[in-house]
Amino acid sequence: PDLAAPGVDILAAWSPIGSVSEFKGDKRKVNYNIQSGTSMACPHVTAAAAYIKSFHPDWSPATIKSALMTTATPMSSALNPEAEFAYGAGQIDPIKAVSPGLVYDANEIDYVKFLCGQGYDTKKIRTITADNSSCTQDNIGTVWDLNLPSFALYMNTSTSFTRVFHRTVTNVGSATSKYRARVTIPPSLLNFKVEPDVLSFSSVGQKKSFTLTIEGRINVGIVSSSLIWDDGTFQVRSPIVVYFE
């Protein structure tokens, strides 16, 4: 998952032709009911996305998702052993998401490259895009380079590894700003390197690219950390997950 949102004991509209308890023989009719589950959490995220769009009508879906993820409130792996695979980047904070500072944007060509790298051929790509997109040697991307506001790495061995992620961020905060990178709670078996580790912006809309290199080895099921870009006003947090089977 990318995010967590309120979804337990939510008051929601209910069809009056449906059973209140959904048990056979229950003939009670109501217009509202208390429900729990993903179906209750999703509308909260949808509303949050619409709220952000009202402030930034030109923002893409990827930009809005980035804003929600990088401003989410971190959650506890002590309460959720699956960690990010249980709650994603954390609990949504729509107010903070309106002003995220930096965003990770992605457009159609980014996803075409990603799908080509996942084994899609030109015929399958055009079925999705309904245009003249194609898969060639020049546009085969990797899952690690899709410009998402998160970093996930699966390892099926406990031997040492090195993986480089490429990302590009867009400044949507202060016109003149300097962000410094820091990685929270670096696990003892892993090394993280961000290059460059300082991003300086001189205008809104300016883009800067960086790489995150993770190297080392793990001997536990999942290791979590975060990359934070901080300019003193905005803290742009992306979850990092390395997992092993």
# chains A, B, ... in the order shown; residues from 1 in each chain; ligands from 1
call {"tool": "residues_around", "arguments": {"residues": "region 169-174 of chain A", "least_positions_apart": "6", "cutoff": "6 Å", "atoms": "only C-alpha atoms", "output": "ChimeraX atom specification"}}
result
/A:101-104,204-208
call {"tool": "write_last_selection", "arguments": {"atoms": "all heavy atoms", "output": "PDB file, in the first residue's frame"}}
result
ATOM      1  N   GLY A 101       6.398  20.855  -0.297  1.00  0.00           N
ATOM      2  CA  GLY A 101       7.778  21.296  -0.499  1.00  0.00           C
ATOM      3  C   GLY A 101       8.379  20.776  -1.789  1.00  0.00           C
ATOM      4  O   GLY A 101       8.689  21.531  -2.712  1.00  0.00           O
ATOM      5  N   LEU A 102       8.551  19.460  -1.863  1.00  0.00           N
ATOM      6  CA  LEU A 102       9.047  18.796  -3.072  1.00  0.00           C
ATOM      7  C   LEU A 102       8.079  17.677  -3.445  1.00  0.00           C
ATOM      8  O   LEU A 102       7.421  17.099  -2.569  1.00  0.00           O
ATOM      9  CB  LEU A 102      10.435  18.187  -2.851  1.00  0.00           C
ATOM     10  CG  LEU A 102      11.576  19.114  -2.438  1.00  0.00           C
ATOM     11  CD1 LEU A 102      12.839  18.294  -2.168  1.00  0.00           C
ATOM     12  CD2 LEU A 102      11.846  20.169  -3.505  1.00  0.00           C
ATOM     13  N   VAL A 103       8.002  17.369  -4.741  1.00  0.00           N
ATOM     14  CA  VAL A 103       7.151  16.261  -5.188  1.00  0.00           C
ATOM     15  C   VAL A 103       7.907  15.400  -6.186  1.00  0.00           C
ATOM     16  O   VAL A 103       8.797  15.867  -6.900  1.00  0.00           O
ATOM     17  CB  VAL A 103       5.836  16.756  -5.832  1.00  0.00           C
ATOM     18  CG1 VAL A 103       4.931  17.401  -4.792  1.00  0.00           C
ATOM     19  CG2 VAL A 103       6.113  17.720  -6.981  1.00  0.00           C
ATOM     20  N   TYR A 104       7.519  14.133  -6.207  1.00  0.00           N
ATOM     21  CA  TYR A 104       8.026  13.176  -7.179  1.00  0.00           C
ATOM     22  C   TYR A 104       6.931  13.004  -8.242  1.00  0.00           C
ATOM     23  O   TYR A 104       5.898  12.387  -7.976  1.00  0.00           O
ATOM     24  CB  TYR A 104       8.315  11.831  -6.528  1.00  0.00           C
ATOM     25  CG  TYR A 104       9.416  11.846  -5.496  1.00  0.00           C
ATOM     26  CD1 TYR A 104       9.203  12.356  -4.213  1.00  0.00           C
ATOM     27  CD2 TYR A 104      10.678  11.314  -5.788  1.00  0.00           C
ATOM     28  CE1 TYR A 104      10.205  12.354  -3.257  1.00  0.00           C
ATOM     29  CE2 TYR A 104      11.694  11.308  -4.838  1.00  0.00           C
ATOM     30  CZ  TYR A 104      11.445  11.825  -3.578  1.00  0.00           C
ATOM     31  OH  TYR A 104      12.442  11.823  -2.627  1.00  0.00           O
ATOM     32  N   VAL A 204      10.317  28.037  -8.376  1.00  0.00           N
ATOM     33  CA  VAL A 204       9.260  27.034  -8.237  1.00  0.00           C
ATOM     34  C   VAL A 204       9.126  26.302  -9.568  1.00  0.00           C
ATOM     35  O   VAL A 204       9.177  26.899 -10.634  1.00  0.00           O
ATOM     36  CB  VAL A 204       7.930  27.699  -7.844  1.00  0.00           C
ATOM     37  CG1 VAL A 204       6.792  26.678  -7.860  1.00  0.00           C
ATOM     38  CG2 VAL A 204       8.038  28.353  -6.476  1.00  0.00           C
ATOM     39  N   GLY A 205       8.977  25.002  -9.511  1.00  0.00           N
ATOM     40  CA  GLY A 205       8.879  24.191 -10.711  1.00  0.00           C
ATOM     41  C   GLY A 205      10.209  23.628 -11.176  1.00  0.00           C
ATOM     42  O   GLY A 205      10.243  22.788 -12.085  1.00  0.00           O
ATOM     43  N   GLN A 206      11.295  24.085 -10.578  1.00  0.00           N
ATOM     44  CA  GLN A 206      12.621  23.582 -10.951  1.00  0.00           C
ATOM     45  C   GLN A 206      12.766  22.127 -10.509  1.00  0.00           C
ATOM     46  O   GLN A 206      12.287  21.725  -9.463  1.00  0.00           O
ATOM     47  CB  GLN A 206      13.702  24.439 -10.304  1.00  0.00           C
ATOM     48  CG  GLN A 206      15.121  24.118 -10.755  1.00  0.00           C
ATOM     49  CD  GLN A 206      16.149  25.055 -10.139  1.00  0.00           C
ATOM     50  OE1 GLN A 206      15.827  25.875  -9.271  1.00  0.00           O
ATOM     51  NE2 GLN A 206      17.391  24.938 -10.581  1.00  0.00           N
ATOM     52  N   LYS A 207      13.446  21.326 -11.344  1.00  0.00           N
ATOM     53  CA  LYS A 207      13.642  19.909 -11.075  1.00  0.00           C
ATOM     54  C   LYS A 207      15.105  19.624 -10.766  1.00  0.00           C
ATOM     55  O   LYS A 207      15.997  20.233 -11.358  1.00  0.00           O
ATOM     56  CB  LYS A 207      13.192  19.064 -12.270  1.00  0.00           C
ATOM     57  CG  LYS A 207      11.712  19.206 -12.618  1.00  0.00           C
ATOM     58  CD  LYS A 207      11.357  18.366 -13.822  1.00  0.00           C
ATOM     59  CE  LYS A 207       9.900  18.536 -14.209  1.00  0.00           C
ATOM     60  NZ  LYS A 207       8.989  17.961 -13.218  1.00  0.00           N
ATOM     61  N   LYS A 208      15.326  18.694  -9.860  1.00  0.00           N
ATOM     62  CA  LYS A 208      16.664  18.239  -9.518  1.00  0.00           C
ATOM     63  C   LYS A 208      16.639  16.716  -9.380  1.00  0.00           C
ATOM     64  O   LYS A 208      15.685  16.144  -8.837  1.00  0.00           O
ATOM     65  CB  LYS A 208      17.149  18.854  -8.204  1.00  0.00           C
ATOM     66  CG  LYS A 208      17.335  20.374  -8.239  1.00  0.00           C
ATOM     67  CD  LYS A 208      18.635  20.767  -8.907  1.00  0.00           C
ATOM     68  CE  LYS A 208      18.875  22.262  -8.821  1.00  0.00           C
ATOM     69  NZ  LYS A 208      20.198  22.657  -9.335  1.00  0.00           N
TER      70      LYS A 208
END
call {"tool": "select_by_dssp", "arguments": {"residues": "region 52-223 of chain A", "states": "alpha helix (DSSP H)", "output": "ChimeraX atom specification"}}
result
/A:52-55,61-70,84-87,94-97,108-117,122-129
call {"tool": "select_by_dssp", "arguments": {"residues": "region 86-183 of chain A", "states": "strand (DSSP E)", "output": "number ranges by chain"}}
result
A: 102-103, 151-155, 161-171, 177-183
call {"tool": "residues_around", "arguments": {"residues": "Pro94 (chain A)", "least_positions_apart": "4", "cutoff": "7 Å", "atoms": "only C-alpha atoms", "output": "number ranges by chain"}}
result
A: 48, 68, 98
call {"tool": "write_last_selection", "arguments": {"atoms": "N, CA, C and O atoms", "output": "mmCIF file, in the first residue's frame"}}
result
data_model
loop_
_atom_site.group_PDB
_atom_site.id
_atom_site.type_symbol
_atom_site.label_atom_id
_atom_site.label_comp_id
_atom_site.auth_asym_id
_atom_site.auth_seq_id
_atom_site.Cartn_x
_atom_site.Cartn_y
_atom_site.Cartn_z
ATOM 1 N N ALA A 48 -9.173 13.481 0.128
ATOM 2 C CA ALA A 48 -7.933 14.222 0.366
ATOM 3 C C ALA A 48 -7.297 14.629 -0.953
ATOM 4 O O ALA A 48 -6.785 15.746 -1.094
ATOM 5 N N LEU A 68 0.709 13.382 -0.789
ATOM 6 C CA LEU A 68 0.079 12.644 0.304
ATOM 7 C C LEU A 68 1.075 11.716 1.001
ATOM 8 O O LEU A 68 1.082 11.604 2.236
ATOM 9 N N VAL A 98 -1.103 19.735 1.202
ATOM 10 C CA VAL A 98 -1.319 20.882 0.306
ATOM 11 C C VAL A 98 -0.004 21.588 -0.001
ATOM 12 O O VAL A 98 0.189 22.135 -1.093
#
call {"tool": "atom_distance", "arguments": {"atom1": "CA of Phe151 (chain A)", "atom2": "CA of Val242 (chain A)"}}
result
8.3 Å
call {"tool": "residues_around", "arguments": {"residues": "region 131-146 of chain A", "least_positions_apart": "3", "cutoff": "7 Å", "atoms": "only C-alpha atoms", "output": "VMD selection string"}}
result
chain A and resid 110 113 to 114 116 to 117 121 to 122 125 to 126 165 to 167
call {"tool": "write_last_selection", "arguments": {"atoms": "N, CA and C atoms", "output": "tab-separated table (two decimals), in the first residue's frame"}}
result
chain	number	residue	atom	x	y	z
A	110	ASP	N	6.93	7.63	-18.37
A	110	ASP	CA	7.61	6.94	-17.27
A	110	ASP	C	7.00	5.56	-17.04
A	113	LYS	N	7.90	3.15	-19.97
A	113	LYS	CA	9.25	2.60	-19.78
A	113	LYS	C	9.24	1.51	-18.71
A	114	PHE	N	8.52	1.76	-17.64
A	114	PHE	CA	8.43	0.78	-16.55
A	114	PHE	C	7.81	-0.52	-17.05
A	116	CYS	N	7.53	-1.61	-20.15
A	116	CYS	CA	8.43	-2.25	-21.12
A	116	CYS	C	9.50	-3.04	-20.38
A	117	GLY	N	10.01	-2.47	-19.30
A	117	GLY	CA	11.02	-3.16	-18.51
A	117	GLY	C	10.49	-4.37	-17.77
A	121	ASP	N	5.28	-6.04	-24.34
A	121	ASP	CA	5.72	-5.74	-25.70
A	121	ASP	C	4.89	-4.59	-26.26
A	122	THR	N	5.20	-4.16	-27.47
A	122	THR	CA	4.53	-3.01	-28.06
A	122	THR	C	3.03	-3.22	-28.17
A	125	ILE	N	1.47	-2.73	-24.77
A	125	ILE	CA	1.56	-1.32	-24.38
A	125	ILE	C	0.48	-0.51	-25.08
A	126	ARG	N	0.31	-0.72	-26.38
A	126	ARG	CA	-0.68	0.06	-27.12
A	126	ARG	C	-2.11	-0.27	-26.72
A	165	PHE	N	19.02	3.65	-6.91
A	165	PHE	CA	17.73	4.19	-7.32
A	165	PHE	C	17.96	5.59	-7.90
A	166	HIS	N	17.28	5.90	-9.00
A	166	HIS	CA	17.34	7.24	-9.59
A	166	HIS	C	16.00	7.94	-9.38
A	167	ARG	N	16.03	9.17	-8.90
A	167	ARG	CA	14.82	9.93	-8.66
A	167	ARG	C	14.99	11.39	-9.10
call {"tool": "residues_around", "arguments": {"residues": "Thr38 (chain A)", "least_positions_apart": "4", "cutoff": "10 Å", "atoms": "only C-alpha atoms", "output": "list in words"}}
result
Ala4, Ala5, Pro6, Gly7, Val8, Cys42 and Pro43 of chain A
call {"tool": "residues_around", "arguments": {"residues": "region 76-91 of chain A", "least_positions_apart": "4", "cutoff": "12 Å", "atoms": "only C-alpha atoms", "output": "PyMOL selection string"}}
result
chain A and resi 1-7+38+41+44-45+48+65-72+96-97+148-152+221-227+236-243
call {"tool": "atom_distance", "arguments": {"atom1": "CA of Thr233 (chain A)", "atom2": "CA of Lys193 (chain A)"}}
result
23.1 Å
call {"tool": "closest_residue", "arguments": {"among": "A:Gln35, A:Pro196, A:Asp93, A:Glu108", "to": "Pro74 (chain A)", "atoms": "only C-alpha atoms"}}
result
A:Asp93
call {"tool": "closest_residue", "arguments": {"among": "A:Ala181, A:Leu115, A:Val194, A:Ala50", "to": "Gly232 (chain A)", "atoms": "only C-alpha atoms"}}
result
A:Ala181
call {"tool": "residues_around", "arguments": {"residues": "Leu199 (chain A)", "least_positions_apart": "2", "cutoff": "9 Å", "atoms": "only C-alpha atoms", "output": "list in words"}}
result
Ser177, Lys178, Tyr179, Arg180, Ala181, Pro196, Asp197, Phe201, Lys208, Ser209, Phe210 and Trp229 of chain A
call {"tool": "closest_residue", "arguments": {"among": "A:Thr213, A:Ser158, A:Ser36, A:Ser19", "to": "Val183 (chain A)", "atoms": "only C-alpha atoms"}}
result
A:Thr213
call {"tool": "atom_distance", "arguments": {"atom1": "CA of Ile228 (chain A)", "atom2": "CA of Arg182 (chain A)"}}
result
5.4 Å
